[in-house]
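In what follows, a single structure is set out as structure tokens and then discussed.
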Amino acid sequence: MLQPGCSLLILGLVTMAHGLRKGSDLLNVCMDAKHHKSKPGPEDDLHQQCSPWKKNACCTANTSLAAHEDTSYLYRFNYDHCGRMTPACKRHFIQDTCLYECSPNLGPWIQPVSSSWRRERILNVPLCKEDCNQWWEDCQTSYTCKENWHKGWNWTSGINKCPVQAACHPFTFYFPTPASLCENIWSHSYNASSYGRGSGKCIHMWFDPAQGNPNEAVAKFYAFASAPGIFSWGASFPFLTAVASLGLTLIRHEI
């Protein structure tokens, strides 16, 4: 079994390797996560809100169906943890799941992560301001008990429940602005972009497949540009040097 120092060093080296990826290496890819396919491809039977990705998807039909089900096998997540979430609000979380599971256009924002259930995640994906604003508007009358839904739940029953002393309030209590919702709810998986739909500089959570997938051009723009929020060698070198140095120090103590 790897010792902590070795694990830290390996994670740093993996991060460095990922940071050197650029251009076409970041296009048309699937992240290494719990339910993703290894490579994108056609999926004719994607379910309802996931269907826009059927021509080229990182998800399977079964995953797309489960994305529409409460407490499904995907993550056993209960959106009704503070009473029934309104359908208008829930549709955004379904679409969020479809984007995360199905999109092959998130490569510029994929980062390695040390986790028991996935090796990669997305970070600071620039979500179009209209999509973020509408998500917040449609969820104002629904209730939750937490600001960060990635961690801190009570899972003793097999599904997520509010932790002790976490009170249920309307979404606007925990998320006073659209940006606070989009950025905080999944540990900064998204960044609330100042760009709008059609700008070519933000990811569309919703799109009409008959008009093509606008996220293909957005991914290409960021893959070949020095974009904010994307890992770069120049910005990360001091951090990686520190990680490697610390890892080697720990390894010496473990030998």
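FYI, nothing fancy with the structure tokens labels: chains A, B, ... in order, residues from 1 per chain, ligands from 1 as they appear.
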Give one line per residue of range 62-129 of chain A that approaches range 145-160 of chain A to at most 8 Å, naming the two atoms of the closest pair and their distance in Å to one decimal, counting only C-alpha atoms; sort by chain then ascending residue number and deliver it as CSV.
residue,atom,partner,partner_atom,distance
A:Thr71,CA,A:Ile159,CA,6.9
A:Arg76,CA,A:Ile159,CA,5.3
A:Phe77,CA,A:Asn160,CA,5.9
A:Asn78,CA,A:Asn160,CA,6.0
A:His81,CA,A:Asn160,CA,7.3
A:Cys82,CA,A:Cys145,CA,7.0
Apply DSSP to the structure's backbone, then extract all residues of range 6-168 of chain A labelled strand (DSSP E or B) and return them as JSON, numbers by chain. {"A": [41, 57, 81, 83, 110, 111, 112, 120, 121, 122, 125, 126, 127, 143, 144, 154, 161]}
Could the residues in this selection be saved with all heavy atoms as a compact mmCIF listing (two decimals), in the first residue's frame?
# COMPACT_ATOMS: atom_id res chain seq x y z
N GLY A 41 -18.94 8.87 -27.85
CA GLY A 41 -19.45 8.27 -29.08
C GLY A 41 -20.97 8.38 -29.12
O GLY A 41 -21.60 8.84 -28.17
N ALA A 57 -21.57 11.35 -26.94
CA ALA A 57 -21.78 11.41 -25.49
C ALA A 57 -20.76 10.62 -24.71
O ALA A 57 -20.22 9.61 -25.19
CB ALA A 57 -23.18 10.89 -25.15
N HIS A 81 -34.28 16.62 0.24
CA HIS A 81 -33.80 16.49 1.62
C HIS A 81 -34.44 17.52 2.56
O HIS A 81 -34.32 17.40 3.78
CB HIS A 81 -32.27 16.62 1.67
CG HIS A 81 -31.73 17.80 0.95
ND1 HIS A 81 -31.32 17.74 -0.37
CD2 HIS A 81 -31.53 19.09 1.34
CE1 HIS A 81 -30.89 18.94 -0.75
NE2 HIS A 81 -31.01 19.77 0.28
N GLY A 83 -37.86 18.59 2.08
CA GLY A 83 -39.18 18.64 1.47
C GLY A 83 -39.07 18.57 -0.04
O GLY A 83 -37.98 18.57 -0.61
N ILE A 110 -11.07 19.81 -16.93
CA ILE A 110 -10.89 18.55 -16.20
C ILE A 110 -9.58 18.61 -15.42
O ILE A 110 -8.53 18.97 -15.97
CB ILE A 110 -10.89 17.35 -17.16
CG1 ILE A 110 -12.29 17.18 -17.78
CG2 ILE A 110 -10.48 16.08 -16.43
CD1 ILE A 110 -12.36 16.08 -18.84
N GLN A 111 -9.66 18.25 -14.14
CA GLN A 111 -8.48 18.26 -13.27
C GLN A 111 -8.39 16.93 -12.52
O GLN A 111 -9.42 16.31 -12.20
CB GLN A 111 -8.59 19.39 -12.24
CG GLN A 111 -8.59 20.78 -12.85
CD GLN A 111 -7.26 21.15 -13.46
OE1 GLN A 111 -6.22 20.73 -12.98
NE2 GLN A 111 -7.28 21.94 -14.52
N PRO A 112 -7.17 16.45 -12.24
CA PRO A 112 -7.03 15.24 -11.42
C PRO A 112 -7.48 15.51 -9.99
O PRO A 112 -7.35 16.64 -9.49
CB PRO A 112 -5.53 14.94 -11.50
CG PRO A 112 -4.89 16.24 -11.81
CD PRO A 112 -5.86 17.01 -12.66
N GLU A 120 -10.83 12.11 -11.74
CA GLU A 120 -10.85 13.46 -12.32
C GLU A 120 -12.17 14.15 -11.98
O GLU A 120 -13.18 13.49 -11.73
CB GLU A 120 -10.67 13.39 -13.84
CG GLU A 120 -9.30 12.92 -14.28
CD GLU A 120 -9.16 12.86 -15.79
OE1 GLU A 120 -10.18 12.61 -16.48
OE2 GLU A 120 -8.03 13.04 -16.28
N ARG A 121 -12.13 15.47 -12.01
CA ARG A 121 -13.32 16.28 -11.80
C ARG A 121 -13.25 17.49 -12.73
O ARG A 121 -12.22 17.72 -13.38
CB ARG A 121 -13.42 16.77 -10.36
CG ARG A 121 -12.27 17.69 -9.94
CD ARG A 121 -12.60 18.48 -8.69
NE ARG A 121 -13.69 19.43 -8.93
CZ ARG A 121 -14.10 20.33 -8.04
NH1 ARG A 121 -13.50 20.41 -6.85
NH2 ARG A 121 -15.08 21.17 -8.32
N ILE A 122 -14.32 18.27 -12.79
CA ILE A 122 -14.28 19.54 -13.51
C ILE A 122 -14.14 20.67 -12.50
O ILE A 122 -14.61 20.57 -11.37
CB ILE A 122 -15.53 19.75 -14.39
CG1 ILE A 122 -16.81 19.52 -13.59
CG2 ILE A 122 -15.45 18.89 -15.63
CD1 ILE A 122 -18.08 19.86 -14.34
N VAL A 125 -15.75 25.52 -14.68
CA VAL A 125 -16.36 25.55 -16.01
C VAL A 125 -17.18 26.84 -16.12
O VAL A 125 -18.05 27.10 -15.29
CB VAL A 125 -17.30 24.34 -16.23
CG1 VAL A 125 -18.06 24.47 -17.54
CG2 VAL A 125 -16.51 23.05 -16.19
N PRO A 126 -16.92 27.69 -17.13
CA PRO A 126 -17.63 28.97 -17.25
C PRO A 126 -19.06 28.77 -17.74
O PRO A 126 -19.30 28.65 -18.95
CB PRO A 126 -16.78 29.75 -18.26
CG PRO A 126 -16.16 28.69 -19.11
CD PRO A 126 -15.92 27.51 -18.22
N LEU A 127 -19.99 28.76 -16.82
CA LEU A 127 -21.39 28.52 -17.16
C LEU A 127 -22.04 29.82 -17.63
O LEU A 127 -21.90 30.87 -16.99
CB LEU A 127 -22.13 27.98 -15.93
CG LEU A 127 -23.53 27.41 -16.16
CD1 LEU A 127 -23.47 26.19 -17.06
CD2 LEU A 127 -24.17 27.05 -14.82
N TYR A 143 -36.20 24.36 -0.98
CA TYR A 143 -35.49 24.44 0.30
C TYR A 143 -34.27 23.52 0.32
O TYR A 143 -34.25 22.46 -0.32
CB TYR A 143 -36.42 24.05 1.45
CG TYR A 143 -37.42 25.13 1.82
CD1 TYR A 143 -38.48 25.45 0.97
CD2 TYR A 143 -37.30 25.84 3.01
CE1 TYR A 143 -39.40 26.45 1.29
CE2 TYR A 143 -38.21 26.83 3.36
CZ TYR A 143 -39.25 27.13 2.49
OH TYR A 143 -40.15 28.12 2.83
N THR A 144 -33.26 23.93 1.07
CA THR A 144 -32.08 23.11 1.31
C THR A 144 -31.51 23.45 2.68
O THR A 144 -31.97 24.39 3.34
CB THR A 144 -31.02 23.31 0.21
OG1 THR A 144 -29.95 22.38 0.41
CG2 THR A 144 -30.45 24.73 0.24
N ASN A 154 -25.22 13.60 6.00
CA ASN A 154 -25.40 12.40 6.81
C ASN A 154 -25.83 11.27 5.87
O ASN A 154 -26.95 11.28 5.35
CB ASN A 154 -26.45 12.65 7.89
CG ASN A 154 -26.73 11.43 8.75
OD1 ASN A 154 -26.24 10.33 8.47
ND2 ASN A 154 -27.52 11.60 9.78
N LYS A 161 -28.87 12.95 3.94
CA LYS A 161 -29.81 13.69 4.78
C LYS A 161 -29.06 14.86 5.41
O LYS A 161 -27.84 14.85 5.54
CB LYS A 161 -30.39 12.78 5.86
CG LYS A 161 -31.33 11.71 5.30
CD LYS A 161 -32.01 10.93 6.42
CE LYS A 161 -32.99 9.91 5.85
NZ LYS A 161 -33.68 9.15 6.93
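Reported to one decimal place, the separation of CA of Phe171 in chain A from CA of Phe207 in chain A is 25.2 Å.
Residues surrounding Pro104 in chain A within 6 Å are Asn28, Val29, Cys30, Cys58 and Leu106 of chain A [only C-alpha atoms; sequence separation below 2 positions excluded].
CA of Tyr73 in chain A is found 15.4 Å from CA of Arg118 in chain A.
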List every residue of range 83-243 of chain A that DSSP, applied to the backbone of this structure, places in helix (DSSP H, G or I), and write the result as a PyMOL selection string. chain A and resi 87-102+107-109+129-138+171-174+178-184+209-211+215-223+233-243
May I ask which of the residues A:Ala61, A:Ala225, A:Leu123, A:Leu26 is the closest one to Ser187 in chain A, counting only C-alpha atoms? A:Leu123
Record the distance separating CA of Asp80 in chain A and CA of Ser103 in chain A, expressed in Å with one decimal. 25.7 Å
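With only C-alpha atoms taken into account, the protein and nucleic acid residues at most 12 Å from Arg91 in chain A (excluding it and anything under 2 positions from it in its own chain) are Gln48, Gln49, Cys50, Ala67, His68, Glu69, Asp70, Tyr79, Met85, Thr86, Pro87, Ala88, Cys89, Phe93, Ile94, Gln95, Asp96, Thr97, Cys98, Asp131, Gln134, Trp135, Trp136, Asp138, Cys139, Met205 and Trp206 of chain A.
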Using N, CA, C and O atoms, can you export the residues from the last selection as a CSV table (one decimal), in the first residue's frame?
chain,number,residue,atom,x,y,z
A,48,GLN,N,-34.6,11.8,-22.4
A,48,GLN,CA,-35.2,13.1,-22.2
A,48,GLN,C,-34.1,14.3,-22.2
A,48,GLN,O,-33.6,14.6,-23.2
A,49,GLN,N,-33.9,14.8,-21.0
A,49,GLN,CA,-33.0,16.0,-20.9
A,49,GLN,C,-31.6,15.7,-21.3
A,49,GLN,O,-30.8,16.7,-21.6
A,50,CYS,N,-31.1,14.5,-21.3
A,50,CYS,CA,-29.8,14.2,-21.8
A,50,CYS,C,-29.7,13.9,-23.3
A,50,CYS,O,-28.6,13.8,-23.8
A,67,ALA,N,-30.1,9.6,-14.4
A,67,ALA,CA,-30.0,11.1,-14.1
A,67,ALA,C,-31.4,11.7,-13.8
A,67,ALA,O,-31.4,12.8,-13.2
A,68,HIS,N,-32.4,11.1,-14.3
A,68,HIS,CA,-33.8,11.7,-14.1
A,68,HIS,C,-34.5,11.1,-12.9
A,68,HIS,O,-35.6,11.5,-12.6
A,69,GLU,N,-33.9,10.1,-12.2
A,69,GLU,CA,-34.5,9.4,-11.1
A,69,GLU,C,-34.0,9.9,-9.8
A,69,GLU,O,-32.8,10.3,-9.6
A,70,ASP,N,-34.9,10.0,-8.8
A,70,ASP,CA,-34.5,10.4,-7.5
A,70,ASP,C,-33.8,9.3,-6.8
A,70,ASP,O,-34.1,8.1,-6.9
A,79,TYR,N,-32.6,14.9,-3.7
A,79,TYR,CA,-32.8,16.3,-3.9
A,79,TYR,C,-33.9,16.9,-2.9
A,79,TYR,O,-34.0,18.1,-2.7
A,85,MET,N,-38.6,19.2,-3.7
A,85,MET,CA,-38.1,20.3,-4.6
A,85,MET,C,-39.0,20.5,-5.7
A,85,MET,O,-39.6,19.5,-6.3
A,86,THR,N,-39.2,21.7,-6.1
A,86,THR,CA,-40.2,22.0,-7.2
A,86,THR,C,-39.7,21.5,-8.5
A,86,THR,O,-38.4,21.4,-8.7
A,87,PRO,N,-40.6,21.0,-9.4
A,87,PRO,CA,-40.1,20.5,-10.7
A,87,PRO,C,-39.3,21.5,-11.5
A,87,PRO,O,-38.4,21.1,-12.2
A,88,ALA,N,-39.7,22.8,-11.4
A,88,ALA,CA,-38.9,23.8,-12.1
A,88,ALA,C,-37.5,23.9,-11.6
A,88,ALA,O,-36.6,24.1,-12.5
A,89,CYS,N,-37.3,23.7,-10.3
A,89,CYS,CA,-35.9,23.7,-9.8
A,89,CYS,C,-35.2,22.4,-10.2
A,89,CYS,O,-34.0,22.4,-10.6
A,93,PHE,N,-31.2,20.6,-12.0
A,93,PHE,CA,-30.2,19.6,-11.4
A,93,PHE,C,-30.1,18.4,-12.3
A,93,PHE,O,-29.1,17.8,-12.4
A,94,ILE,N,-31.2,18.0,-13.0
A,94,ILE,CA,-31.2,17.0,-14.0
A,94,ILE,C,-30.3,17.4,-15.1
A,94,ILE,O,-29.4,16.6,-15.6
A,95,GLN,N,-30.5,18.6,-15.6
A,95,GLN,CA,-29.6,19.1,-16.7
A,95,GLN,C,-28.2,19.2,-16.3
A,95,GLN,O,-27.3,18.9,-17.1
A,96,ASP,N,-27.9,19.6,-15.1
A,96,ASP,CA,-26.6,19.7,-14.6
A,96,ASP,C,-25.9,18.3,-14.6
A,96,ASP,O,-24.8,18.1,-15.0
A,97,THR,N,-26.7,17.3,-14.2
A,97,THR,CA,-26.2,15.9,-14.2
A,97,THR,C,-25.9,15.5,-15.6
A,97,THR,O,-24.9,14.8,-15.9
A,98,CYS,N,-26.8,15.8,-16.5
A,98,CYS,CA,-26.7,15.4,-17.9
A,98,CYS,C,-25.4,16.0,-18.5
A,98,CYS,O,-24.6,15.4,-19.2
A,131,ASP,N,-28.0,30.7,-18.0
A,131,ASP,CA,-28.2,29.4,-17.5
A,131,ASP,C,-28.1,29.5,-15.9
A,131,ASP,O,-28.9,28.9,-15.2
A,134,GLN,N,-31.1,31.6,-14.5
A,134,GLN,CA,-32.4,30.9,-14.5
A,134,GLN,C,-32.4,29.8,-13.5
A,134,GLN,O,-33.5,29.5,-12.9
A,135,TRP,N,-31.3,29.1,-13.3
A,135,TRP,CA,-31.2,28.0,-12.3
A,135,TRP,C,-31.6,28.6,-10.9
A,135,TRP,O,-32.4,28.1,-10.2
A,136,TRP,N,-31.0,29.8,-10.6
A,136,TRP,CA,-31.2,30.4,-9.3
A,136,TRP,C,-32.7,30.9,-9.2
A,136,TRP,O,-33.3,30.7,-8.2
A,138,ASP,N,-35.4,29.7,-10.7
A,138,ASP,CA,-36.3,28.6,-10.6
A,138,ASP,C,-36.2,27.8,-9.3
A,138,ASP,O,-37.1,27.0,-9.0
A,139,CYS,N,-35.2,28.1,-8.5
A,139,CYS,CA,-35.0,27.3,-7.3
A,139,CYS,C,-35.3,28.2,-6.0
A,139,CYS,O,-35.1,27.7,-4.9
A,205,MET,N,-25.6,25.0,-20.5
A,205,MET,CA,-26.1,23.8,-19.9
A,205,MET,C,-27.3,23.3,-20.7
A,205,MET,O,-27.6,22.1,-20.8
A,206,TRP,N,-28.0,24.2,-21.4
A,206,TRP,CA,-29.2,23.9,-22.2
A,206,TRP,C,-28.8,24.3,-23.7
A,206,TRP,O,-28.3,25.4,-23.9
Excluding Thr60 in chain A and its own-chain neighbours fewer than 5 positions away, which residues fall within 8 Å of it when counting only C-alpha atoms? Please give them as a PyMOL selection string. chain A and resi 36-37+43+46+102
Selection file, C-alpha atoms, as a tab-separated table (two decimals), in the first residue's frame:
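Just written: selection-v9.tsv:
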chain	number	residue	atom	x	y	z
A	36	HIS	CA	-18.26	7.99	-17.69
A	37	LYS	CA	-17.35	6.06	-20.80
A	43	GLU	CA	-25.80	7.05	-27.93
A	46	LEU	CA	-30.29	8.94	-24.29
A	102	CYS	CA	-22.63	13.24	-21.01
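Nearest residue to Trp53 in chain A among A:Glu130, A:Glu216, A:Asp25, A:Glu137 is A:Glu216, counting only C-alpha atoms.
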Please determine, counting only C-alpha atoms, which residue among A:Gly196, A:Pro163, A:Pro52, A:Pro178 has the shortest atom-to-atom distance to Asp208 in chain A. A:Pro52
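Nearest-residue note for Tyr75 in chain A: choosing from A:Gly23, A:His35, A:Asn124, A:Asn56, the minimum distance belongs to A:His35, counting only C-alpha atoms.
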